[in-house]
Each structure stands twice: as C-alpha cells, then as structure tokens.
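Novice: Before I ask anything, here is the structure I am working with.
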Amino acid sequence: MYLKRMQLGVYAVNCYLIACDETKEAAVIDPGGDASEILRKVEENGFNLKFIILTHGHGDHIGGVPQIKEKTKAQILIHKEDEYLIKSAEKNLSSVMSGPDIGFMADKLLEDGDKITLGQLQLEVIHTPGHTYGGICIKVQNVMFTGDTLFAQSIGRTDFEGGSFDEIIKSIKNKILIYDDSTRVLPGHGPESTIGIERMKNPFLR
C-alpha cells in the first residue's frame, strides 16, 4: 500500500494519499487545501484517483475538494450525517476561515460498516460521532485514519455544532480502542500515534 501524508492548507490539516500498489487505484483523505500538490503526487505516481474521502465536513478538511473533483472526477464520499455540512459554507465554517466559501455535493453517502474497495485494498468505514454528527474513521490494513476524533494524546474539539464530549469518548473507547495496540493512528492534525500509546497515555481516556 502506498501511503503519503501531506500537511496542507492554512490549518496544516493532515491529508493522506493512499493507493493500491498493484492497480494504482488511489484515494485522497481530507484534502484540506493546496489541491495542486495533491494532483502533482497523483500524476507523478501514475495513480487513478477514484475517491475523495472526507472524515467530516469542516472547512479546514475540504478546501481542496472542488479543484480535485474538477480535475479527476473522483467520487466524493462522506458520512450521511455530515452531508449538510459540505453543502453550506456557513455550516462547514469555511465562511469564517481565510479562504473561499466552499460548498459542494457528495457523490455517495457513507454509513457505519461500509467497505470502500480500492484495487486490492478494503477500507472500512467506522462511524465515530462526537466531533461532528457524521465523523468517521477509516481502517485499512494496520492503519486507522482518525480525522478529528482522536489525536496523539488528545481528542477532537466538541464545541462545534454536532459536537459532544460524551459521544466522542464513547466513539473512541467503543469503536477505536477495540483494535490491536500496534494499529497506527493517523489523525487529522499533528503527529501519528498508535492505539496502544493512546490507550496508555491519552489523558482523556483514563
């Protein structure tokens, strides 16, 4: 599996480009901005970008979507409970961020347990509400992309619309910590971690 992290946009969101080594089918997770950099990586590697997968609908995670969609026709995927966010610049907060107002439509709405096929890879959708109503994590092989649900020794904010401290803790404990300690945690901001490290050291989970 090809995996590349890029810190993009004004808020240095972790954008991840993943691809199947055998088929060159690729997906980009949370393209927060700097779409040209993502597109350059896709072209350099000869990838066929199939999906734009959003862990949630906030403006700092979606800034590069319109340009990538226009250039590649990749399908935009988001959980059904966050669909309302990507439709409205006011709801997704891009209207108050330093950049253009962003609004677009999804091509497919996701649900908990959905599988996304990317060549020989199977990506599992895990619904983890708490940061937003429709926040998701994505597990593939020994990697989990946790968006703004779980960070290295921290958790996502819960003071936006759709946020709930109780819900995010429940999501992390019941949906994320059930996996093996060696599972890599690749969050929406900051450094990577593992489930084992978060189980032991995350102050919010003690």
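Each chain of the structure tokens is named A, B, ... in the order shown, its residues numbered from 1; ligands are numbered from 1 in display order.
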Which residues come within 8 Å of Glu111 in chain A, counting only C-alpha atoms, excluding same-chain residues fewer than 6 positions away, as a count of residues only?
Specialist: 5
Novice: So which residues touch Lys115 in chain A within 7 Å, counting only C-alpha atoms, skipping near sequence neighbours fewer than 2 positions away, as number ranges by chain?
Specialist: A: 113, 117, 122-125
Novice: Take the selection from the previous step and output its residues with C-alpha atoms, as a compact mmCIF listing (two decimals), in the first residue's frame.
Specialist:
```
# COMPACT_ATOMS: atom_id res chain seq x y z
CA GLY A 113 -19.57 -0.57 8.37
CA THR A 117 -12.80 -1.05 -2.47
CA GLN A 122 -10.54 -2.77 1.54
CA LEU A 123 -11.24 0.42 3.51
CA GLU A 124 -13.65 0.06 6.44
CA VAL A 125 -15.85 3.00 7.43
```
Novice: List every residue of range 27-195 of chain A that DSSP, applied to the backbone, labels as strand (DSSP E or B), and write the result as an MDAnalysis selection string.
Specialist: chainID A and resid 27:29 48:53 75:79 108:110 115:118 121:127 136:140 143:147 150:151 154:155 184:187 193:194
Novice: Could the residues in this selection be written to a file with C-alpha atoms, as a tab-separated table (two decimals), in the first residue's frame?
Specialist:
```tsv
chain	number	residue	atom	x	y	z
A	27	ALA	CA	-7.96	7.82	-2.77
A	28	VAL	CA	-7.28	11.09	-1.03
A	29	ILE	CA	-8.47	11.57	2.54
A	48	ASN	CA	-6.07	6.71	-10.93
A	49	LEU	CA	-7.76	8.81	-8.24
A	50	LYS	CA	-11.08	7.09	-7.56
A	51	PHE	CA	-12.27	8.66	-4.31
A	52	ILE	CA	-12.13	11.82	-2.21
A	53	ILE	CA	-12.96	10.57	1.28
A	75	GLN	CA	-16.20	10.41	-6.24
A	76	ILE	CA	-16.74	12.50	-3.09
A	77	LEU	CA	-17.61	10.30	-0.10
A	78	ILE	CA	-18.82	11.49	3.31
A	79	HIS	CA	-20.99	10.07	6.08
A	108	LYS	CA	-22.01	8.84	-2.22
A	109	LEU	CA	-23.12	8.94	1.42
A	110	LEU	CA	-21.43	6.54	3.80
A	115	LYS	CA	-16.48	-1.05	2.72
A	116	ILE	CA	-14.68	1.04	0.08
A	117	THR	CA	-12.80	-1.05	-2.47
A	118	LEU	CA	-9.58	0.47	-3.73
A	121	LEU	CA	-7.41	-2.73	-0.60
A	122	GLN	CA	-10.54	-2.77	1.54
A	123	LEU	CA	-11.24	0.42	3.51
A	124	GLU	CA	-13.65	0.06	6.44
A	125	VAL	CA	-15.85	3.00	7.43
A	126	ILE	CA	-16.24	3.42	11.21
A	127	HIS	CA	-18.81	5.99	12.34
A	136	ILE	CA	-15.79	8.75	10.60
A	137	CYS	CA	-12.54	6.88	10.95
A	138	ILE	CA	-11.21	4.75	8.12
A	139	LYS	CA	-9.33	1.50	8.73
A	140	VAL	CA	-7.19	-0.23	6.13
A	143	VAL	CA	-3.69	1.81	9.74
A	144	MET	CA	-6.57	3.90	11.06
A	145	PHE	CA	-7.25	7.42	9.80
A	146	THR	CA	-8.96	9.10	12.73
A	147	GLY	CA	-9.77	12.56	11.36
A	150	LEU	CA	-8.57	11.04	18.03
A	151	PHE	CA	-5.22	12.84	18.05
A	154	SER	CA	-5.64	14.37	22.66
A	155	ILE	CA	-9.14	14.32	21.16
A	184	ARG	CA	-1.20	3.10	13.56
A	185	VAL	CA	-3.32	6.16	14.34
A	186	LEU	CA	-3.08	8.77	11.59
A	187	PRO	CA	-5.04	11.83	12.77
A	193	SER	CA	0.47	7.56	17.17
A	194	THR	CA	-0.71	4.02	17.86
```
Novice: Tell me, in Å to one decimal, how far CA of Asn14 in chain A is from CA of Asp30 in chain A.
Specialist: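 Computed distance, CA of Asn14 in chain A to CA of Asp30 in chain A, equals 7.3 Å.
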Novice: A:Thr128, A:Ala152, A:Leu17, A:Gly119: which is nearest Pro191 in chain A, counting only C-alpha atoms?
Specialist: A:Ala152
